[in-house]
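model-v9.cif follows (mmCIF, C-alpha atoms):
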```
data_entry
loop_
_atom_site.group_PDB
_atom_site.id
_atom_site.type_symbol
_atom_site.label_atom_id
_atom_site.label_comp_id
_atom_site.auth_asym_id
_atom_site.auth_seq_id
_atom_site.Cartn_x
_atom_site.Cartn_y
_atom_site.Cartn_z
ATOM 1 C CA MET A 1 -9.318 -99.235 18.403
ATOM 2 C CA ARG A 2 -8.119 -96.264 20.456
ATOM 3 C CA ALA A 3 -4.903 -96.706 22.390
ATOM 4 C CA TRP A 4 -2.307 -94.526 24.071
ATOM 5 C CA GLN A 5 1.181 -94.978 22.709
ATOM 6 C CA VAL A 6 4.547 -93.843 23.989
ATOM 7 C CA VAL A 7 6.332 -92.593 20.872
ATOM 8 C CA GLU A 8 9.571 -91.518 22.586
ATOM 9 C CA ASN A 9 10.857 -91.501 26.146
ATOM 10 C CA GLY A 10 10.073 -88.617 28.479
ATOM 11 C CA GLU A 11 7.312 -87.274 30.689
ATOM 12 C CA PRO A 12 3.961 -88.912 29.868
ATOM 13 C CA SER A 13 2.150 -85.714 28.904
ATOM 14 C CA SER A 14 4.895 -84.944 26.372
ATOM 15 C CA VAL A 15 5.565 -88.354 24.803
ATOM 16 C CA MET A 16 2.187 -90.116 24.788
ATOM 17 C CA ARG A 17 -0.265 -89.950 21.881
ATOM 18 C CA LEU A 18 -3.862 -91.209 21.742
ATOM 19 C CA SER A 19 -4.101 -92.978 18.392
ATOM 20 C CA ASP A 20 -6.222 -95.314 16.300
ATOM 21 C CA VAL A 21 -4.312 -98.592 16.036
ATOM 22 C CA ASP A 22 -5.028 -102.180 15.034
ATOM 23 C CA GLU A 23 -6.562 -104.473 17.626
ATOM 24 C CA PRO A 24 -3.786 -106.677 19.088
ATOM 25 C CA ALA A 25 -3.727 -110.357 18.119
ATOM 26 C CA PRO A 26 -3.110 -112.789 21.001
ATOM 27 C CA GLY A 27 -0.389 -115.391 20.559
ATOM 28 C CA GLU A 28 -0.142 -118.910 21.903
ATOM 29 C CA GLY A 29 -1.290 -119.077 25.526
ATOM 30 C CA GLU A 30 -2.680 -115.543 25.364
ATOM 31 C CA VAL A 31 -6.196 -114.088 25.298
ATOM 32 C CA LEU A 32 -7.733 -110.858 24.055
ATOM 33 C CA VAL A 33 -9.319 -108.778 26.827
ATOM 34 C CA ARG A 34 -11.762 -105.911 26.514
ATOM 35 C CA VAL A 35 -10.516 -103.303 28.972
ATOM 36 C CA ARG A 36 -13.064 -102.117 31.551
ATOM 37 C CA ALA A 37 -10.808 -100.111 33.885
ATOM 38 C CA VAL A 38 -7.094 -99.294 34.138
ATOM 39 C CA ALA A 39 -5.384 -98.491 37.441
ATOM 40 C CA LEU A 40 -2.490 -96.100 36.827
ATOM 41 C CA ASN A 41 0.786 -97.136 38.439
ATOM 42 C CA PHE A 42 4.186 -95.526 38.976
ATOM 43 C CA PRO A 43 5.778 -98.183 36.725
ATOM 44 C CA ASP A 44 3.696 -96.699 33.882
ATOM 45 C CA VAL A 45 5.458 -93.389 34.471
ATOM 46 C CA LEU A 46 8.850 -95.113 34.497
ATOM 47 C CA LEU A 47 7.957 -96.977 31.300
ATOM 48 C CA ALA A 48 7.216 -93.673 29.577
ATOM 49 C CA ARG A 49 10.476 -92.208 30.841
ATOM 50 C CA GLY A 50 12.456 -95.269 29.733
ATOM 51 C CA GLN A 51 13.551 -95.870 33.335
ATOM 52 C CA TYR A 52 11.753 -99.144 34.066
ATOM 53 C CA GLN A 53 13.542 -102.511 34.185
ATOM 54 C CA ILE A 54 11.534 -103.518 31.111
ATOM 55 C CA ARG A 55 11.914 -101.308 28.024
ATOM 56 C CA PRO A 56 9.440 -102.255 25.280
ATOM 57 C CA PRO A 57 10.325 -101.172 21.737
ATOM 58 C CA LEU A 58 8.797 -97.860 20.693
ATOM 59 C CA PRO A 59 5.988 -97.196 20.137
ATOM 60 C CA PHE A 60 4.178 -99.172 22.844
ATOM 61 C CA THR A 61 0.996 -98.935 24.890
ATOM 62 C CA PRO A 62 1.587 -98.541 28.650
ATOM 63 C CA GLY A 63 -0.732 -99.691 31.425
ATOM 64 C CA VAL A 64 0.314 -102.548 33.720
ATOM 65 C CA GLU A 65 -2.888 -103.211 35.682
ATOM 66 C CA LEU A 66 -6.468 -103.688 34.514
ATOM 67 C CA CYS A 67 -9.891 -105.110 35.064
ATOM 68 C CA GLY A 68 -11.329 -106.497 31.867
ATOM 69 C CA GLU A 69 -13.515 -109.022 30.127
ATOM 70 C CA VAL A 70 -12.077 -111.982 28.247
ATOM 71 C CA VAL A 71 -13.504 -111.636 24.747
ATOM 72 C CA GLU A 72 -13.914 -115.366 24.081
ATOM 73 C CA THR A 73 -15.589 -116.242 27.413
ATOM 74 C CA GLY A 74 -16.962 -113.035 28.918
ATOM 75 C CA GLU A 75 -15.113 -113.767 32.178
ATOM 76 C CA ARG A 76 -14.386 -110.682 34.300
ATOM 77 C CA VAL A 77 -10.705 -110.731 35.255
ATOM 78 C CA ILE A 78 -7.853 -108.670 36.627
ATOM 79 C CA GLY A 79 -4.165 -108.818 35.866
ATOM 80 C CA SER A 80 -1.199 -107.376 34.014
ATOM 81 C CA PRO A 81 -1.305 -107.284 30.195
ATOM 82 C CA VAL A 82 1.521 -108.403 27.954
ATOM 83 C CA LEU A 83 3.566 -105.435 26.758
ATOM 84 C CA PRO A 84 3.809 -103.818 24.240
ATOM 85 C CA HIS A 85 -0.003 -104.138 24.216
ATOM 86 C CA GLY A 86 -0.661 -102.514 27.595
ATOM 87 C CA ALA A 87 -3.904 -101.647 29.327
ATOM 88 C CA LEU A 88 -4.352 -98.046 28.160
ATOM 89 C CA ALA A 89 -6.357 -99.161 25.148
ATOM 90 C CA GLU A 90 -9.791 -100.533 24.352
ATOM 91 C CA PHE A 91 -8.332 -104.050 24.080
ATOM 92 C CA ALA A 92 -5.238 -105.666 25.603
ATOM 93 C CA VAL A 93 -3.495 -109.036 25.489
ATOM 94 C CA MET A 94 -2.983 -111.150 28.621
ATOM 95 C CA ASN A 95 -1.386 -114.492 29.436
ATOM 96 C CA ARG A 96 -4.141 -117.034 29.994
ATOM 97 C CA ALA A 97 -2.231 -118.615 32.875
ATOM 98 C CA GLU A 98 -2.016 -115.285 34.727
ATOM 99 C CA LEU A 99 -5.714 -114.363 34.629
ATOM 100 C CA LEU A 100 -7.231 -113.824 38.068
ATOM 101 C CA PRO A 101 -10.984 -113.616 38.689
ATOM 102 C CA ALA A 102 -12.192 -110.133 39.591
ATOM 103 C CA PRO A 103 -13.818 -110.102 43.056
ATOM 104 C CA SER A 104 -17.583 -109.656 42.729
ATOM 105 C CA SER A 105 -17.556 -107.409 45.808
ATOM 106 C CA LEU A 106 -15.466 -104.767 43.992
ATOM 107 C CA ASP A 107 -16.508 -102.573 41.082
ATOM 108 C CA ASP A 108 -14.302 -102.358 37.981
ATOM 109 C CA ALA A 109 -12.183 -99.463 39.279
ATOM 110 C CA GLU A 110 -11.582 -101.136 42.642
ATOM 111 C CA ALA A 111 -10.884 -104.527 41.072
ATOM 112 C CA ALA A 112 -8.386 -102.972 38.654
ATOM 113 C CA SER A 113 -6.523 -101.570 41.685
ATOM 114 C CA LEU A 114 -6.300 -104.834 43.615
ATOM 115 C CA LEU A 115 -3.413 -106.624 41.939
ATOM 116 C CA ILE A 116 -0.060 -104.841 42.173
ATOM 117 C CA ALA A 117 -0.380 -102.710 45.322
ATOM 118 C CA TYR A 118 -2.195 -105.292 47.418
ATOM 119 C CA GLN A 119 -0.140 -108.266 46.240
ATOM 120 C CA THR A 120 3.050 -106.298 46.918
ATOM 121 C CA GLY A 121 1.798 -105.343 50.364
ATOM 122 C CA TYR A 122 0.668 -108.874 51.145
ATOM 123 C CA PHE A 123 3.999 -110.454 50.178
ATOM 124 C CA ALA A 124 6.003 -107.693 51.847
ATOM 125 C CA LEU A 125 4.202 -107.732 55.177
ATOM 126 C CA HIS A 126 3.442 -111.423 55.521
ATOM 127 C CA ARG A 127 6.145 -113.280 53.596
ATOM 128 C CA ARG A 128 9.137 -110.957 53.797
ATOM 129 C CA ALA A 129 8.646 -109.110 57.111
ATOM 130 C CA ARG A 130 6.504 -111.677 58.983
ATOM 131 C CA LEU A 131 4.464 -108.875 60.530
ATOM 132 C CA GLN A 132 2.916 -110.006 63.826
ATOM 133 C CA PRO A 133 -0.214 -108.833 65.680
ATOM 134 C CA GLY A 134 0.683 -106.102 68.134
ATOM 135 C CA GLU A 135 3.742 -104.908 66.218
ATOM 136 C CA THR A 136 4.058 -101.345 64.957
ATOM 137 C CA LEU A 137 4.033 -100.737 61.208
ATOM 138 C CA LEU A 138 5.232 -97.441 59.720
ATOM 139 C CA VAL A 139 3.987 -96.730 56.173
ATOM 140 C CA HIS A 140 5.452 -93.985 53.989
ATOM 141 C CA ALA A 141 3.380 -92.309 51.228
ATOM 142 C CA ALA A 142 0.354 -93.733 53.009
ATOM 143 C CA ALA A 143 -2.205 -91.739 51.001
ATOM 144 C CA GLY A 144 -1.041 -93.190 47.674
ATOM 145 C CA GLY A 145 -2.249 -96.334 45.993
ATOM 146 C CA VAL A 146 0.635 -98.459 47.267
ATOM 147 C CA GLY A 147 0.772 -96.957 50.752
ATOM 148 C CA SER A 148 -2.977 -97.038 51.383
ATOM 149 C CA ALA A 149 -3.009 -100.747 50.534
ATOM 150 C CA ALA A 150 -0.223 -101.381 53.074
ATOM 151 C CA VAL A 151 -2.143 -99.444 55.742
ATOM 152 C CA GLN A 152 -5.250 -101.596 55.247
ATOM 153 C CA LEU A 153 -3.259 -104.824 55.190
ATOM 154 C CA GLY A 154 -1.348 -103.823 58.305
ATOM 155 C CA LYS A 155 -4.525 -103.131 60.237
ATOM 156 C CA ALA A 156 -5.992 -106.433 59.042
ATOM 157 C CA ALA A 157 -2.876 -108.178 60.411
ATOM 158 C CA GLY A 158 -3.434 -106.670 63.859
ATOM 159 C CA ALA A 159 -0.611 -104.128 63.762
ATOM 160 C CA THR A 160 -0.595 -100.584 65.090
ATOM 161 C CA VAL A 161 -0.205 -98.522 61.924
ATOM 162 C CA ILE A 162 1.561 -95.162 61.713
ATOM 163 C CA ALA A 163 1.017 -93.412 58.379
ATOM 164 C CA VAL A 164 3.305 -90.731 56.912
ATOM 165 C CA VAL A 165 1.848 -88.393 54.275
ATOM 166 C CA GLY A 166 2.727 -85.079 52.628
ATOM 167 C CA GLY A 167 0.063 -82.445 53.231
ATOM 168 C CA ALA A 168 -3.150 -81.890 55.160
ATOM 169 C CA GLN A 169 -5.383 -83.080 52.325
ATOM 170 C CA LYS A 170 -3.567 -86.391 52.152
ATOM 171 C CA ALA A 171 -3.659 -86.724 55.921
ATOM 172 C CA ALA A 172 -7.442 -86.390 55.840
ATOM 173 C CA ALA A 173 -7.676 -89.156 53.231
ATOM 174 C CA VAL A 174 -6.009 -91.768 55.450
ATOM 175 C CA LYS A 175 -8.866 -93.209 57.487
ATOM 176 C CA ASP A 176 -7.519 -96.572 58.644
ATOM 177 C CA ALA A 177 -4.231 -95.714 60.377
ATOM 178 C CA ASP A 178 -3.889 -95.353 64.146
ATOM 179 C CA VAL A 179 -1.562 -92.353 63.820
ATOM 180 C CA VAL A 180 -1.179 -90.017 60.815
ATOM 181 C CA ILE A 181 1.918 -87.835 60.433
ATOM 182 C CA ASP A 182 2.107 -84.916 58.011
ATOM 183 C CA ARG A 183 5.823 -84.871 57.206
ATOM 184 C CA ARG A 184 5.509 -81.225 56.084
ATOM 185 C CA GLU A 185 4.503 -80.210 59.599
ATOM 186 C CA GLN A 186 6.127 -82.852 61.823
ATOM 187 C CA ASP A 187 9.377 -84.784 62.125
ATOM 188 C CA PHE A 188 8.167 -88.324 61.584
ATOM 189 C CA VAL A 189 11.206 -89.790 63.346
ATOM 190 C CA ALA A 190 10.392 -87.915 66.561
ATOM 191 C CA VAL A 191 6.693 -88.802 66.387
ATOM 192 C CA VAL A 192 7.404 -92.508 65.835
ATOM 193 C CA LYS A 193 9.740 -92.594 68.823
ATOM 194 C CA GLU A 194 7.178 -90.767 70.962
ATOM 195 C CA VAL A 195 4.286 -93.014 69.954
ATOM 196 C CA THR A 196 6.297 -96.198 70.530
ATOM 197 C CA GLY A 197 7.842 -95.096 73.830
ATOM 198 C CA GLY A 198 11.276 -94.873 72.245
ATOM 199 C CA ARG A 199 11.229 -98.397 70.801
ATOM 200 C CA GLY A 200 10.656 -97.469 67.155
ATOM 201 C CA ALA A 201 8.694 -99.203 64.408
ATOM 202 C CA ASP A 202 8.985 -102.966 64.051
ATOM 203 C CA VAL A 203 8.263 -102.921 60.317
ATOM 204 C CA ILE A 204 8.722 -99.964 57.945
ATOM 205 C CA TYR A 205 7.112 -99.948 54.502
ATOM 206 C CA ASP A 206 9.081 -97.644 52.206
ATOM 207 C CA PRO A 207 8.043 -97.091 48.579
ATOM 208 C CA VAL A 208 9.763 -93.667 48.556
ATOM 209 C CA GLY A 209 13.493 -93.999 49.294
ATOM 210 C CA GLY A 210 15.697 -90.938 49.771
ATOM 211 C CA GLU A 211 14.987 -88.996 52.958
ATOM 212 C CA ALA A 212 12.167 -91.375 53.893
ATOM 213 C CA TYR A 213 14.641 -94.244 54.088
ATOM 214 C CA ALA A 214 17.232 -92.164 55.953
ATOM 215 C CA GLY A 215 14.667 -91.264 58.602
ATOM 216 C CA SER A 216 13.415 -94.824 58.784
ATOM 217 C CA ALA A 217 16.863 -96.073 59.753
ATOM 218 C CA LYS A 218 16.732 -93.663 62.700
ATOM 219 C CA CYS A 219 13.432 -94.948 64.076
ATOM 220 C CA VAL A 220 13.453 -98.672 63.320
ATOM 221 C CA ALA A 221 13.123 -100.929 66.354
ATOM 222 C CA PHE A 222 15.497 -103.593 67.631
ATOM 223 C CA GLU A 223 15.107 -106.556 65.239
ATOM 224 C CA GLY A 224 13.006 -104.306 63.011
ATOM 225 C CA ARG A 225 12.591 -104.761 59.271
ATOM 226 C CA ILE A 226 12.777 -101.985 56.669
ATOM 227 C CA LEU A 227 10.919 -103.075 53.541
ATOM 228 C CA VAL A 228 12.392 -101.560 50.375
ATOM 229 C CA ILE A 229 9.397 -101.305 48.026
ATOM 230 C CA GLY A 230 10.532 -98.659 45.546
ATOM 231 C CA PHE A 231 12.026 -95.234 44.986
ATOM 232 C CA ALA A 232 9.134 -92.963 44.061
ATOM 233 C CA GLY A 233 11.008 -90.052 45.621
ATOM 234 C CA GLY A 234 13.591 -90.319 42.862
ATOM 235 C CA THR A 235 16.637 -91.055 45.045
ATOM 236 C CA ILE A 236 17.951 -94.572 45.633
ATOM 237 C CA PRO A 237 19.461 -94.791 49.137
ATOM 238 C CA THR A 238 22.907 -96.225 49.805
ATOM 239 C CA PRO A 239 22.433 -97.700 53.297
ATOM 240 C CA THR A 240 25.317 -97.894 55.736
ATOM 241 C CA LEU A 241 25.512 -101.575 56.590
ATOM 242 C CA SER A 242 27.447 -100.903 59.790
ATOM 243 C CA HIS A 243 24.361 -99.036 61.036
ATOM 244 C CA ALA A 244 22.153 -102.074 60.349
ATOM 245 C CA LEU A 245 24.687 -104.179 62.227
ATOM 246 C CA ILE A 246 24.900 -101.899 65.253
ATOM 247 C CA LYS A 247 21.122 -101.437 65.578
ATOM 248 C CA ASN A 248 20.373 -105.077 64.679
ATOM 249 C CA TYR A 249 17.719 -104.474 62.006
ATOM 250 C CA SER A 250 17.090 -105.978 58.576
ATOM 251 C CA ILE A 251 16.896 -104.296 55.174
ATOM 252 C CA VAL A 252 14.495 -106.393 53.115
ATOM 253 C CA GLY A 253 14.025 -106.044 49.369
ATOM 254 C CA VAL A 254 10.592 -106.701 47.877
ATOM 255 C CA HIS A 255 10.242 -107.414 44.142
ATOM 256 C CA TRP A 256 6.757 -108.849 43.768
ATOM 257 C CA GLY A 257 7.146 -109.399 40.017
ATOM 258 C CA LEU A 258 9.723 -112.137 40.620
ATOM 259 C CA TYR A 259 7.077 -114.320 42.270
ATOM 260 C CA ARG A 260 5.369 -114.515 38.881
ATOM 261 C CA GLN A 261 8.534 -116.177 37.616
ATOM 262 C CA TYR A 262 9.633 -118.291 40.576
ATOM 263 C CA ASP A 263 6.425 -119.105 42.463
ATOM 264 C CA PRO A 264 3.287 -118.307 40.427
ATOM 265 C CA GLN A 265 1.073 -120.404 42.671
ATOM 266 C CA SER A 266 1.839 -118.062 45.559
ATOM 267 C CA ILE A 267 0.213 -115.230 43.593
ATOM 268 C CA VAL A 268 -2.935 -117.294 43.068
ATOM 269 C CA ASP A 269 -3.003 -118.129 46.786
ATOM 270 C CA ALA A 270 -2.503 -114.484 47.780
ATOM 271 C CA HIS A 271 -5.297 -113.429 45.420
ATOM 272 C CA ALA A 272 -7.658 -115.866 47.144
ATOM 273 C CA GLU A 273 -6.760 -114.338 50.511
ATOM 274 C CA LEU A 274 -7.174 -110.774 49.224
ATOM 275 C CA THR A 275 -10.496 -111.619 47.563
ATOM 276 C CA GLY A 276 -11.773 -113.008 50.846
ATOM 277 C CA MET A 277 -10.717 -109.842 52.632
ATOM 278 C CA ALA A 278 -12.434 -107.699 49.997
ATOM 279 C CA ASP A 279 -15.604 -109.771 50.245
ATOM 280 C CA ALA A 280 -15.540 -109.361 54.033
ATOM 281 C CA GLY A 281 -15.095 -105.582 53.745
ATOM 282 C CA THR A 282 -11.671 -105.706 55.409
ATOM 283 C CA LEU A 283 -10.020 -103.964 52.487
ATOM 284 C CA ARG A 284 -11.219 -101.667 49.737
ATOM 285 C CA PRO A 285 -8.926 -99.860 47.312
ATOM 286 C CA LEU A 286 -8.812 -96.093 47.757
ATOM 287 C CA ILE A 287 -9.844 -94.546 44.437
ATOM 288 C CA GLY A 288 -8.552 -91.003 44.169
ATOM 289 C CA GLY A 289 -10.135 -90.171 40.834
ATOM 290 C CA HIS A 290 -11.918 -91.500 37.767
ATOM 291 C CA LEU A 291 -10.457 -90.382 34.437
ATOM 292 C CA SER A 292 -11.638 -90.644 30.871
ATOM 293 C CA MET A 293 -9.385 -92.182 28.237
ATOM 294 C CA ASP A 294 -8.469 -88.683 27.023
ATOM 295 C CA GLN A 295 -7.105 -87.803 30.487
ATOM 296 C CA ALA A 296 -4.737 -90.766 30.912
ATOM 297 C CA ALA A 297 -1.463 -89.010 30.026
ATOM 298 C CA GLU A 298 -2.341 -86.085 32.290
ATOM 299 C CA GLY A 299 -3.101 -88.537 35.095
ATOM 300 C CA LEU A 300 0.275 -90.245 34.727
ATOM 301 C CA THR A 301 2.023 -86.877 34.828
ATOM 302 C CA ARG A 302 0.242 -86.035 38.105
ATOM 303 C CA LEU A 303 1.144 -89.459 39.475
ATOM 304 C CA GLY A 304 4.800 -88.983 38.586
ATOM 305 C CA ALA A 305 4.821 -85.611 40.344
ATOM 306 C CA GLY A 306 3.359 -87.092 43.549
ATOM 307 C CA GLU A 307 0.165 -85.054 43.240
ATOM 308 C CA THR A 308 -2.345 -87.913 43.579
ATOM 309 C CA MET A 309 -4.156 -89.682 46.398
ATOM 310 C CA GLY A 310 -5.208 -93.297 46.203
ATOM 311 C CA ARG A 311 -5.368 -94.778 42.749
ATOM 312 C CA LEU A 312 -6.308 -92.922 39.579
ATOM 313 C CA VAL A 313 -8.421 -95.153 37.347
ATOM 314 C CA VAL A 314 -9.000 -94.735 33.614
ATOM 315 C CA THR A 315 -12.132 -96.020 31.920
ATOM 316 C CA PRO A 316 -11.664 -96.526 28.153
#
```

Show the structure stored in the file as C-alpha cells.
Amino acid sequence: MRAWQVVENGEPSSVMRLSDVDEPAPGEGEVLVRVRAVALNFPDVLLARGQYQIRPPLPFTPGVELCGEVVETGERVIGSPVLPHGALAEFAVMNRAELLPAPSSLDDAEAASLLIAYQTGYFALHRRARLQPGETLLVHAAAGGVGSAAVQLGKAAGATVIAVVGGAQKAAAVKDADVVIDRREQDFVAVVKEVTGGRGADVIYDPVGGEAYAGSAKCVAFEGRILVIGFAGGTIPTPTLSHALIKNYSIVGVHWGLYRQYDPQSIVDAHAELTGMADAGTLRPLIGGHLSMDQAAEGLTRLGAGETMGRLVVTP
C-alpha cells in the first residue's frame, strides 16, 4: 500500500516520503481500517518536527484523524489511528474500543474533521469553562479548523461570539461569529472592550499562545476563563499569576486526549451530542481544501505556516 512516512524530524515537506509499504497488521483489540479521508491537524506537523508529546520511532506514518471503513465489517467510522500506523496511508490500524460511528449527515471529509477539533471545543466550552447562554466568547485563530469549530459550538451554546483572524480572506471565511476582528488591521483588545461595553470576554478560546494570550489577559472579564488549547503561534506564554489574582479570572488548561485515558465514556457521550448537532445542521466542519495523497506533505507544511483556512482533507 501507499503511505507517507516521516524518515527524520523536520518540516513535513522535507522529511516525509510517499512510499510503498506493507499493509499494517492489527494486534489484539485492534482493527484494520481502509482510509476514506484524513483531516490534517497541527499535531501532525509537530509529530514530523519531533515536537509532539508522543514521539513514534522512525520511520512512522503520521495522520491523527480519519474517516474510514472497518475492513472486516464495512462500518463507516471516525477516530484516531494507532501510531506508528497513522492515517496518511491507504490502510490504518485503530483500537476497536475507540471507534466512533461516522455521522450519516456528513460526507467523508466533514466526518474526518469532526473528532479532535469539535471534541476539544465541546469539552473546553462546556466541561472546563461552563459557557452560559448570553456570555461573550472570544475565539482566536477562528478561521482555522480548531477555531471554526469553537465558533460554531459557541453559537450553538447561545453565546455572543467574537472571532479573531489574520487577514481579510480569513475574515470573509468566518460566517457564524457575531463580530469578526482582523488582527492585522485592528487591536483586538480594544475591539473586545468596545463591543462588551468595557466588561471584556467571559470565555477566551486560545489555541495560539504568545501575543494572543497576552492580549487575552487584558480583555478577559471579571470571573472570566481563558482556555489554553495550544500554542500554534510557537510561543508558550508564562502568565503572571498575580494578574489573574488581581483581575479575578481563571486560566484553564484543556488536554482533550487525557479524557481518552481517564473518562472514555465522556468521549462517546460527547460524540452523540455532536452527531445530533451535525444531523440538525447546527454544526458543519469548515473544509478549506481537498488534497490528493501526493499533496499531503505540502498541505502539512502550509498548515504549520498558518496559511490554511478550515481543515485540509486528504483523500488516499

Exercise. So which one's closest to A:Asp20, A:Glu8, A:Asp178, A:Glu90, A:Glu223? Using all atoms listed in the file, please.
Worked result: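 Closest residue, counting all atoms listed in the file: A:Glu90.
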
For this session: May I have the residues within 7 Å of stretch 186-199 of chain A as a list in words, using only C-alpha atoms and disregarding those fewer than 6 positions away in the same chain?
Result: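 These residues fall inside the cut-off: Gly215, Lys218, Cys219 and Ala221 of chain A.
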
Please tabulate, as JSON lines, the residues of stretch 186-266 of chain A that come within 12 Å of stretch 295-310 of chain A, each with its closest pair of atoms and the distance in Å to one decimal, counting all atoms listed in the file and ordering rows by chain, then residue number upward.
```
{"residue": "A:Val208", "atom": "CA", "partner": "A:Gly306", "partner_atom": "CA", "distance": 10.5}
{"residue": "A:Phe231", "atom": "CA", "partner": "A:Gly304", "partner_atom": "CA", "distance": 11.5}
{"residue": "A:Ala232", "atom": "CA", "partner": "A:Gly304", "partner_atom": "CA", "distance": 8.0}
{"residue": "A:Gly233", "atom": "CA", "partner": "A:Gly306", "partner_atom": "CA", "distance": 8.5}
{"residue": "A:Gly234", "atom": "CA", "partner": "A:Gly304", "partner_atom": "CA", "distance": 9.9}
```

Could you write out the selected residues, including C-alpha atoms, as a PDB file, keeping the file's coordinate frame?
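Written output follows (result_16.pdb):
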```pdb
ATOM      1  CA  VAL A 208       9.763 -93.667  48.556  1.00  0.00           C
ATOM      2  CA  PHE A 231      12.026 -95.234  44.986  1.00  0.00           C
ATOM      3  CA  ALA A 232       9.134 -92.963  44.061  1.00  0.00           C
ATOM      4  CA  GLY A 233      11.008 -90.052  45.621  1.00  0.00           C
ATOM      5  CA  GLY A 234      13.591 -90.319  42.862  1.00  0.00           C
TER       6      GLY A 234
END
```

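Nearest to A:Pro59 of all the residues A:Leu40, A:Leu18, A:Val93, A:Val268 is A:Leu18, counting only C-alpha atoms.
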
Exercise. By how many Å are atom CA of A:Phe91 and atom CA of A:Phe60 apart?
Worked result: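 Atom-to-atom, atom CA of A:Phe91 and atom CA of A:Phe60 are spaced 13.5 Å apart.
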
Problem set entry | Expected selection from the PyMOL selection byres ((chain A and resi 236-239) around 9), given as number ranges by chain | A: 208-211, 213-214, 217, 230-231, 233-235, 240-244, 251

What would stretch 57-76 of chain A look like with N, CA and C atoms restored, written as a PDB file, keeping the file's coordinate frame?
```
ATOM      1  N   PRO A  57       9.957-101.974  22.909  1.00  0.00           N
ATOM      2  CA  PRO A  57      10.325-101.172  21.737  1.00  0.00           C
ATOM      3  C   PRO A  57       9.259-100.115  21.452  1.00  0.00           C
ATOM      4  N   LEU A  58       9.708 -98.955  21.031  1.00  0.00           N
ATOM      5  CA  LEU A  58       8.797 -97.860  20.693  1.00  0.00           C
ATOM      6  C   LEU A  58       8.174 -98.101  19.321  1.00  0.00           C
ATOM      7  N   PRO A  59       6.924 -97.681  19.128  1.00  0.00           N
ATOM      8  CA  PRO A  59       5.988 -97.196  20.137  1.00  0.00           C
ATOM      9  C   PRO A  59       5.325 -98.368  20.863  1.00  0.00           C
ATOM     10  N   PHE A  60       4.866 -98.131  22.086  1.00  0.00           N
ATOM     11  CA  PHE A  60       4.178 -99.172  22.844  1.00  0.00           C
ATOM     12  C   PHE A  60       3.043 -98.540  23.647  1.00  0.00           C
ATOM     13  N   THR A  61       2.118 -99.383  24.069  1.00  0.00           N
ATOM     14  CA  THR A  61       0.996 -98.935  24.890  1.00  0.00           C
ATOM     15  C   THR A  61       1.282 -99.263  26.347  1.00  0.00           C
ATOM     16  N   PRO A  62       1.347 -98.266  27.228  1.00  0.00           N
ATOM     17  CA  PRO A  62       1.587 -98.541  28.650  1.00  0.00           C
ATOM     18  C   PRO A  62       0.299 -99.004  29.343  1.00  0.00           C
ATOM     19  N   GLY A  63       0.407 -99.217  30.643  1.00  0.00           N
ATOM     20  CA  GLY A  63      -0.732 -99.691  31.425  1.00  0.00           C
ATOM     21  C   GLY A  63      -0.480-101.094  31.916  1.00  0.00           C
ATOM     22  N   VAL A  64      -0.114-101.247  33.205  1.00  0.00           N
ATOM     23  CA  VAL A  64       0.314-102.548  33.720  1.00  0.00           C
ATOM     24  C   VAL A  64      -0.724-103.230  34.605  1.00  0.00           C
ATOM     25  N   GLU A  65      -1.897-102.619  34.770  1.00  0.00           N
ATOM     26  CA  GLU A  65      -2.888-103.211  35.682  1.00  0.00           C
ATOM     27  C   GLU A  65      -4.294-102.883  35.194  1.00  0.00           C
ATOM     28  N   LEU A  66      -5.130-103.921  35.058  1.00  0.00           N
ATOM     29  CA  LEU A  66      -6.468-103.688  34.514  1.00  0.00           C
ATOM     30  C   LEU A  66      -7.496-104.617  35.108  1.00  0.00           C
ATOM     31  N   CYS A  67      -8.733-104.224  34.918  1.00  0.00           N
ATOM     32  CA  CYS A  67      -9.891-105.110  35.064  1.00  0.00           C
ATOM     33  C   CYS A  67     -10.522-105.171  33.684  1.00  0.00           C
ATOM     34  N   GLY A  68     -10.797-106.375  33.216  1.00  0.00           N
ATOM     35  CA  GLY A  68     -11.329-106.497  31.867  1.00  0.00           C
ATOM     36  C   GLY A  68     -12.207-107.716  31.708  1.00  0.00           C
ATOM     37  N   GLU A  69     -12.621-107.917  30.477  1.00  0.00           N
ATOM     38  CA  GLU A  69     -13.515-109.022  30.127  1.00  0.00           C
ATOM     39  C   GLU A  69     -12.865-109.830  29.006  1.00  0.00           C
ATOM     40  N   VAL A  70     -12.660-111.114  29.259  1.00  0.00           N
ATOM     41  CA  VAL A  70     -12.077-111.982  28.247  1.00  0.00           C
ATOM     42  C   VAL A  70     -13.052-112.085  27.077  1.00  0.00           C
ATOM     43  N   VAL A  71     -12.605-111.724  25.894  1.00  0.00           N
ATOM     44  CA  VAL A  71     -13.504-111.636  24.747  1.00  0.00           C
ATOM     45  C   VAL A  71     -14.150-112.982  24.434  1.00  0.00           C
ATOM     46  N   GLU A  72     -13.392-114.068  24.504  1.00  0.00           N
ATOM     47  CA  GLU A  72     -13.914-115.366  24.081  1.00  0.00           C
ATOM     48  C   GLU A  72     -14.845-116.014  25.107  1.00  0.00           C
ATOM     49  N   THR A  73     -14.767-115.598  26.375  1.00  0.00           N
ATOM     50  CA  THR A  73     -15.589-116.242  27.413  1.00  0.00           C
ATOM     51  C   THR A  73     -16.504-115.292  28.163  1.00  0.00           C
ATOM     52  N   GLY A  74     -16.196-113.998  28.153  1.00  0.00           N
ATOM     53  CA  GLY A  74     -16.962-113.035  28.918  1.00  0.00           C
ATOM     54  C   GLY A  74     -16.579-112.979  30.385  1.00  0.00           C
ATOM     55  N   GLU A  75     -15.545-113.733  30.779  1.00  0.00           N
ATOM     56  CA  GLU A  75     -15.113-113.767  32.178  1.00  0.00           C
ATOM     57  C   GLU A  75     -14.524-112.415  32.581  1.00  0.00           C
ATOM     58  N   ARG A  76     -14.917-111.933  33.762  1.00  0.00           N
ATOM     59  CA  ARG A  76     -14.386-110.682  34.300  1.00  0.00           C
ATOM     60  C   ARG A  76     -13.125-111.001  35.091  1.00  0.00           C
TER      61      ARG A  76
END
```
